[in-house]
$ cat run_18.cif   # mmCIF, C-alpha atoms
data_entry
loop_
_atom_site.group_PDB
_atom_site.id
_atom_site.type_symbol
_atom_site.label_atom_id
_atom_site.label_comp_id
_atom_site.auth_asym_id
_atom_site.auth_seq_id
_atom_site.Cartn_x
_atom_site.Cartn_y
_atom_site.Cartn_z
ATOM 1 C CA MET A 20 -13.735 -35.857 29.196
ATOM 2 C CA LYS A 21 -10.617 -33.876 30.115
ATOM 3 C CA PHE A 22 -8.841 -35.163 27.013
ATOM 4 C CA HIS A 23 -11.656 -34.009 24.728
ATOM 5 C CA LEU A 24 -11.809 -30.566 26.343
ATOM 6 C CA ARG A 25 -8.049 -30.115 25.926
ATOM 7 C CA TYR A 26 -8.324 -31.206 22.312
ATOM 8 C CA VAL A 27 -11.129 -28.715 21.638
ATOM 9 C CA ILE A 28 -9.230 -25.877 23.330
ATOM 10 C CA LEU A 29 -6.034 -26.754 21.451
ATOM 11 C CA SER A 30 -7.962 -26.889 18.170
ATOM 12 C CA PHE A 31 -9.419 -23.417 18.785
ATOM 13 C CA CYS A 32 -5.990 -22.025 19.626
ATOM 14 C CA VAL A 33 -4.481 -23.459 16.443
ATOM 15 C CA PHE A 34 -7.423 -22.166 14.382
ATOM 16 C CA PHE A 35 -7.117 -18.624 15.782
ATOM 17 C CA PHE A 36 -3.339 -18.643 15.294
ATOM 18 C CA LEU A 37 -3.624 -19.784 11.690
ATOM 19 C CA SER A 38 -6.456 -17.398 10.884
ATOM 20 C CA GLY A 39 -4.289 -14.525 12.115
ATOM 21 C CA CYS A 40 -1.414 -15.501 9.834
ATOM 22 C CA SER A 41 -1.333 -13.989 6.381
ATOM 23 C CA TRP A 42 -0.355 -16.601 3.811
ATOM 24 C CA ASN A 43 -0.237 -13.964 1.086
ATOM 25 C CA ALA A 44 2.151 -11.667 2.948
ATOM 26 C CA ILE A 45 4.590 -9.978 0.615
ATOM 27 C CA THR A 46 8.208 -10.292 1.677
ATOM 28 C CA GLU A 47 10.941 -7.705 1.345
ATOM 29 C CA LYS A 48 12.809 -10.158 -0.876
ATOM 30 C CA GLU A 49 9.859 -10.342 -3.300
ATOM 31 C CA LEU A 50 9.688 -6.556 -3.460
ATOM 32 C CA ASP A 51 13.440 -6.310 -4.069
ATOM 33 C CA GLN A 52 13.256 -8.921 -6.847
ATOM 34 C CA PHE A 53 10.386 -7.056 -8.504
ATOM 35 C CA ILE A 54 12.234 -3.723 -8.319
ATOM 36 C CA GLU A 55 15.288 -5.366 -9.861
ATOM 37 C CA SER A 56 13.254 -7.072 -12.601
ATOM 38 C CA GLU A 57 11.607 -3.741 -13.534
ATOM 39 C CA ASN A 58 15.002 -1.994 -13.341
ATOM 40 C CA LEU A 59 13.624 0.753 -11.067
ATOM 41 C CA ASP A 60 15.711 3.563 -9.573
ATOM 42 C CA TYR A 61 15.003 5.965 -6.692
ATOM 43 C CA VAL A 62 12.294 3.754 -5.254
ATOM 44 C CA SER A 63 9.994 4.412 -2.320
ATOM 45 C CA ILE A 64 7.762 1.610 -1.081
ATOM 46 C CA GLN A 65 4.602 2.409 0.879
ATOM 47 C CA LYS A 66 2.311 -0.228 2.340
ATOM 48 C CA LEU A 67 -1.294 0.107 1.203
ATOM 49 C CA ASN A 68 -2.598 -2.873 3.201
ATOM 50 C CA ASP A 69 -1.427 -6.385 4.134
ATOM 51 C CA GLU A 70 -1.541 -7.585 0.528
ATOM 52 C CA GLU A 71 -0.722 -4.477 -1.534
ATOM 53 C CA TYR A 72 2.094 -1.967 -1.757
ATOM 54 C CA TYR A 73 2.639 1.223 -3.680
ATOM 55 C CA ILE A 74 6.033 1.364 -5.377
ATOM 56 C CA PHE A 75 7.022 4.875 -6.436
ATOM 57 C CA SER A 76 9.711 5.242 -9.114
ATOM 58 C CA LEU A 77 8.978 8.174 -11.383
ATOM 59 C CA PRO A 78 7.687 8.330 -14.030
ATOM 60 C CA TYR A 79 5.797 5.211 -12.870
ATOM 61 C CA ILE A 80 3.719 4.396 -9.824
ATOM 62 C CA TYR A 81 2.944 0.730 -9.224
ATOM 63 C CA ILE A 82 0.365 -1.044 -7.127
ATOM 64 C CA TYR A 83 2.070 -4.345 -6.308
ATOM 65 C CA ARG A 84 0.323 -7.538 -5.166
ATOM 66 C CA SER A 85 2.822 -10.043 -6.574
ATOM 67 C CA ALA A 86 5.347 -10.255 -9.409
ATOM 68 C CA SER A 87 2.574 -11.396 -11.740
ATOM 69 C CA ASP A 88 -0.194 -9.210 -10.313
ATOM 70 C CA TYR A 89 0.583 -5.507 -10.339
ATOM 71 C CA THR A 90 -0.709 -2.317 -11.882
ATOM 72 C CA LYS A 91 1.700 0.134 -13.483
ATOM 73 C CA SER A 92 0.631 3.663 -14.293
ATOM 74 C CA THR A 93 2.520 6.547 -15.780
ATOM 75 C CA ALA A 94 2.428 9.425 -13.337
ATOM 76 C CA MET A 95 0.596 12.554 -14.401
ATOM 77 C CA ILE A 96 2.557 15.574 -13.171
ATOM 78 C CA ARG A 97 0.804 18.782 -12.176
ATOM 79 C CA ASP A 98 2.358 21.620 -10.149
ATOM 80 C CA GLU A 99 5.312 19.349 -9.295
ATOM 81 C CA ILE A 100 2.979 16.700 -7.856
ATOM 82 C CA ALA A 101 2.951 13.317 -9.601
ATOM 83 C CA ILE A 102 -0.343 11.415 -9.488
ATOM 84 C CA GLY A 103 -0.596 7.751 -10.411
ATOM 85 C CA GLY A 104 -1.215 4.199 -9.301
ATOM 86 C CA LEU A 105 -4.911 4.931 -9.465
ATOM 87 C CA GLU A 106 -7.066 2.123 -8.170
ATOM 88 C CA LYS A 107 -10.581 2.177 -6.798
ATOM 89 C CA GLY A 108 -10.148 3.509 -3.289
ATOM 90 C CA SER A 109 -6.554 4.725 -3.557
ATOM 91 C CA ILE A 110 -4.327 7.227 -5.338
ATOM 92 C CA GLY A 111 -0.546 7.560 -5.111
ATOM 93 C CA LEU A 112 1.165 10.960 -5.011
ATOM 94 C CA VAL A 113 4.782 12.055 -5.189
ATOM 95 C CA ILE A 114 5.046 15.635 -3.947
ATOM 96 C CA ASN A 115 8.079 17.550 -5.228
ATOM 97 C CA ASN A 116 6.531 20.990 -4.733
ATOM 98 C CA THR A 117 8.666 22.632 -2.028
ATOM 99 C CA PRO A 118 6.010 25.087 -0.751
ATOM 100 C CA VAL A 119 3.520 22.221 -0.421
ATOM 101 C CA LEU A 120 6.040 20.029 1.415
ATOM 102 C CA LYS A 121 6.956 22.897 3.713
ATOM 103 C CA ASP A 122 3.684 24.716 4.403
ATOM 104 C CA ALA A 123 0.639 22.570 3.608
ATOM 105 C CA LYS A 124 -1.486 21.387 6.528
ATOM 106 C CA THR A 125 -4.495 19.858 4.754
ATOM 107 C CA PHE A 126 -5.491 18.676 1.301
ATOM 108 C CA SER A 127 -8.826 18.099 -0.377
ATOM 109 C CA VAL A 128 -9.906 15.384 -2.774
ATOM 110 C CA VAL A 129 -13.099 15.305 -4.812
ATOM 111 C CA ILE A 130 -14.502 11.774 -5.018
ATOM 112 C CA ASP A 131 -17.897 11.096 -6.565
ATOM 113 C CA SER A 132 -18.641 14.846 -6.573
ATOM 114 C CA LYS A 133 -17.989 15.057 -2.821
ATOM 115 C CA THR A 134 -15.080 17.011 -1.381
ATOM 116 C CA ARG A 135 -13.167 15.279 1.382
ATOM 117 C CA GLU A 136 -10.507 17.028 3.440
ATOM 118 C CA TYR A 137 -7.544 15.282 5.048
ATOM 119 C CA GLU A 138 -4.673 16.298 7.304
ATOM 120 C CA TYR A 139 -1.311 16.514 5.528
ATOM 121 C CA THR A 140 1.777 15.704 7.579
ATOM 122 C CA GLY A 141 4.441 16.699 5.071
ATOM 123 C CA GLY A 142 5.373 13.408 3.409
ATOM 124 C CA LYS A 143 6.831 13.351 -0.097
ATOM 125 C CA TYR A 144 5.193 9.994 -0.931
ATOM 126 C CA LEU A 145 1.526 9.828 -0.136
ATOM 127 C CA ILE A 146 -1.289 7.331 -0.566
ATOM 128 C CA ILE A 147 -4.809 8.657 -0.354
ATOM 129 C CA LYS A 148 -7.220 5.892 0.640
ATOM 130 C CA ASP A 149 -10.935 6.405 0.643
ATOM 131 C CA SER A 150 -13.492 3.690 0.050
#
$ encode --input "run_18.cif" --output "structure tokens"
Amino acid sequence: MKFHLRYVILSFCVFFFLSGCSWNAITEKELDQFIESENLDYVSIQKLNDEEYYIFSLPYIYIYRSASDYTKSTAMIRDEIAIGGLEKGSIGLVINNTPVLKDAKTFSVVIDSKTREYEYTGGKYLIIKDS
């Protein structure tokens, strides 16, 4: 009986350990290889979640999942703020507007005709996530 109990406990431990591991985790090496293959300069990488990253390299903003699964959008620039990488639930911004970088405290986004307000902490590269 003791042997079976140990086996069950060990099995649960292994299961919980493996379920916590992310097999699809993107490595820094993969990101570097992708950046090199796309010949990108002045890159900023921001993590969207465990399986997706935003890669900012104007005039493009990428949503990267793997070298064969990514979205590339040309940034739309308005008032020195580049907007791109649009995907349901997220938007990438590159803020080059000095007064905004220096003085802004909040920002608003209209999604599905509803205005949502967020705190702004002064970052140049920004991902807005809202499901």
$ resolve_selection --input "run_18.cif" --expression "the PyMOL selection byres ((chain A and resi 93) around 7)" --output "PDB file with C-alpha atoms, in the frame of the given file"
ATOM      1  CA  PRO A  78       7.687   8.330 -14.030  1.00  0.00           C
ATOM      2  CA  TYR A  79       5.797   5.211 -12.870  1.00  0.00           C
ATOM      3  CA  ILE A  80       3.719   4.396  -9.824  1.00  0.00           C
ATOM      4  CA  LYS A  91       1.700   0.134 -13.483  1.00  0.00           C
ATOM      5  CA  SER A  92       0.631   3.663 -14.293  1.00  0.00           C
ATOM      6  CA  ALA A  94       2.428   9.425 -13.337  1.00  0.00           C
ATOM      7  CA  MET A  95       0.596  12.554 -14.401  1.00  0.00           C
ATOM      8  CA  GLY A 103      -0.596   7.751 -10.411  1.00  0.00           C
TER       9      GLY A 103
END
$ closest_atom_pairs --input "run_18.cif" --of "stretch 39-135 of chain A" --to "stretch 139-144 of chain A" --cutoff "7 Å" --atoms "only C-alpha atoms" --output "Markdown table"
| residue | atom | partner | partner_atom | distance |
| --- | --- | --- | --- | --- |
| A:Leu112 | CA | A:Tyr144 | CA | 5.8 |
| A:Val113 | CA | A:Tyr144 | CA | 4.7 |
| A:Ile114 | CA | A:Lys143 | CA | 4.8 |
| A:Asn115 | CA | A:Lys143 | CA | 6.7 |
| A:Leu120 | CA | A:Gly141 | CA | 5.2 |
| A:Lys121 | CA | A:Gly141 | CA | 6.8 |
| A:Ala123 | CA | A:Tyr139 | CA | 6.6 |
| A:Lys124 | CA | A:Tyr139 | CA | 5.0 |
| A:Thr125 | CA | A:Tyr139 | CA | 4.7 |
| A:Phe126 | CA | A:Tyr139 | CA | 6.3 |
$ axis_aligned_box --input "run_18.cif" --around "stretch 80-89 of chain A" --padding-each-side "4 Å" --output "JSON"
{"center_x": 2.6, "center_y": -3.5, "center_z": -8.5, "size_x": 13.5, "size_y": 23.8, "size_z": 14.6}
$ atom_distance --input "run_18.cif" --atom1 "atom CA of A:Glu55" --atom2 "atom CA of A:Glu71"
18.1 Å
$ closest_residue --input "run_18.cif" --among "A:Ser132, A:Ser85, A:Ser127, A:Asn68" --to "A:Phe53" --atoms "all atoms listed in the file"
A:Ser85
$ resolve_selection --input "run_18.cif" --expression "the PyMOL selection byres ((chain A and resi 62) around 8)" --output "MDAnalysis selection string"
chainID A and resid 59:61 63:64 74:76
$ atom_distance --input "run_18.cif" --atom1 "atom CA of A:Leu145" --atom2 "atom CA of A:Ile82"
13.0 Å
$ atom_distance --input "run_18.cif" --atom1 "atom CA of A:Gly108" --atom2 "atom CA of A:Ala44"
20.5 Å
$ resolve_selection --input "run_18.cif" --expression "the PyMOL selection byres ((chain A and resi 135) around 12)" --output "ChimeraX atom specification"
/A:125-134,136-138,147-150
$ closest_residue --input "run_18.cif" --among "A:Ser56, A:Thr117, A:Gln65, A:Ser87" --to "A:Ile100" --atoms "all atoms listed in the file"
A:Thr117
$ closest_residue --input "run_18.cif" --among "A:Asn116, A:Ile146, A:Tyr73, A:Ile45" --to "A:Arg97" --atoms "all atoms listed in the file"
A:Asn116
$ closest_residue --input "run_18.cif" --among "A:Thr46, A:Leu77, A:Ser109, A:Ile102" --to "A:Asn58" --atoms "all atoms listed in the file"
A:Leu77
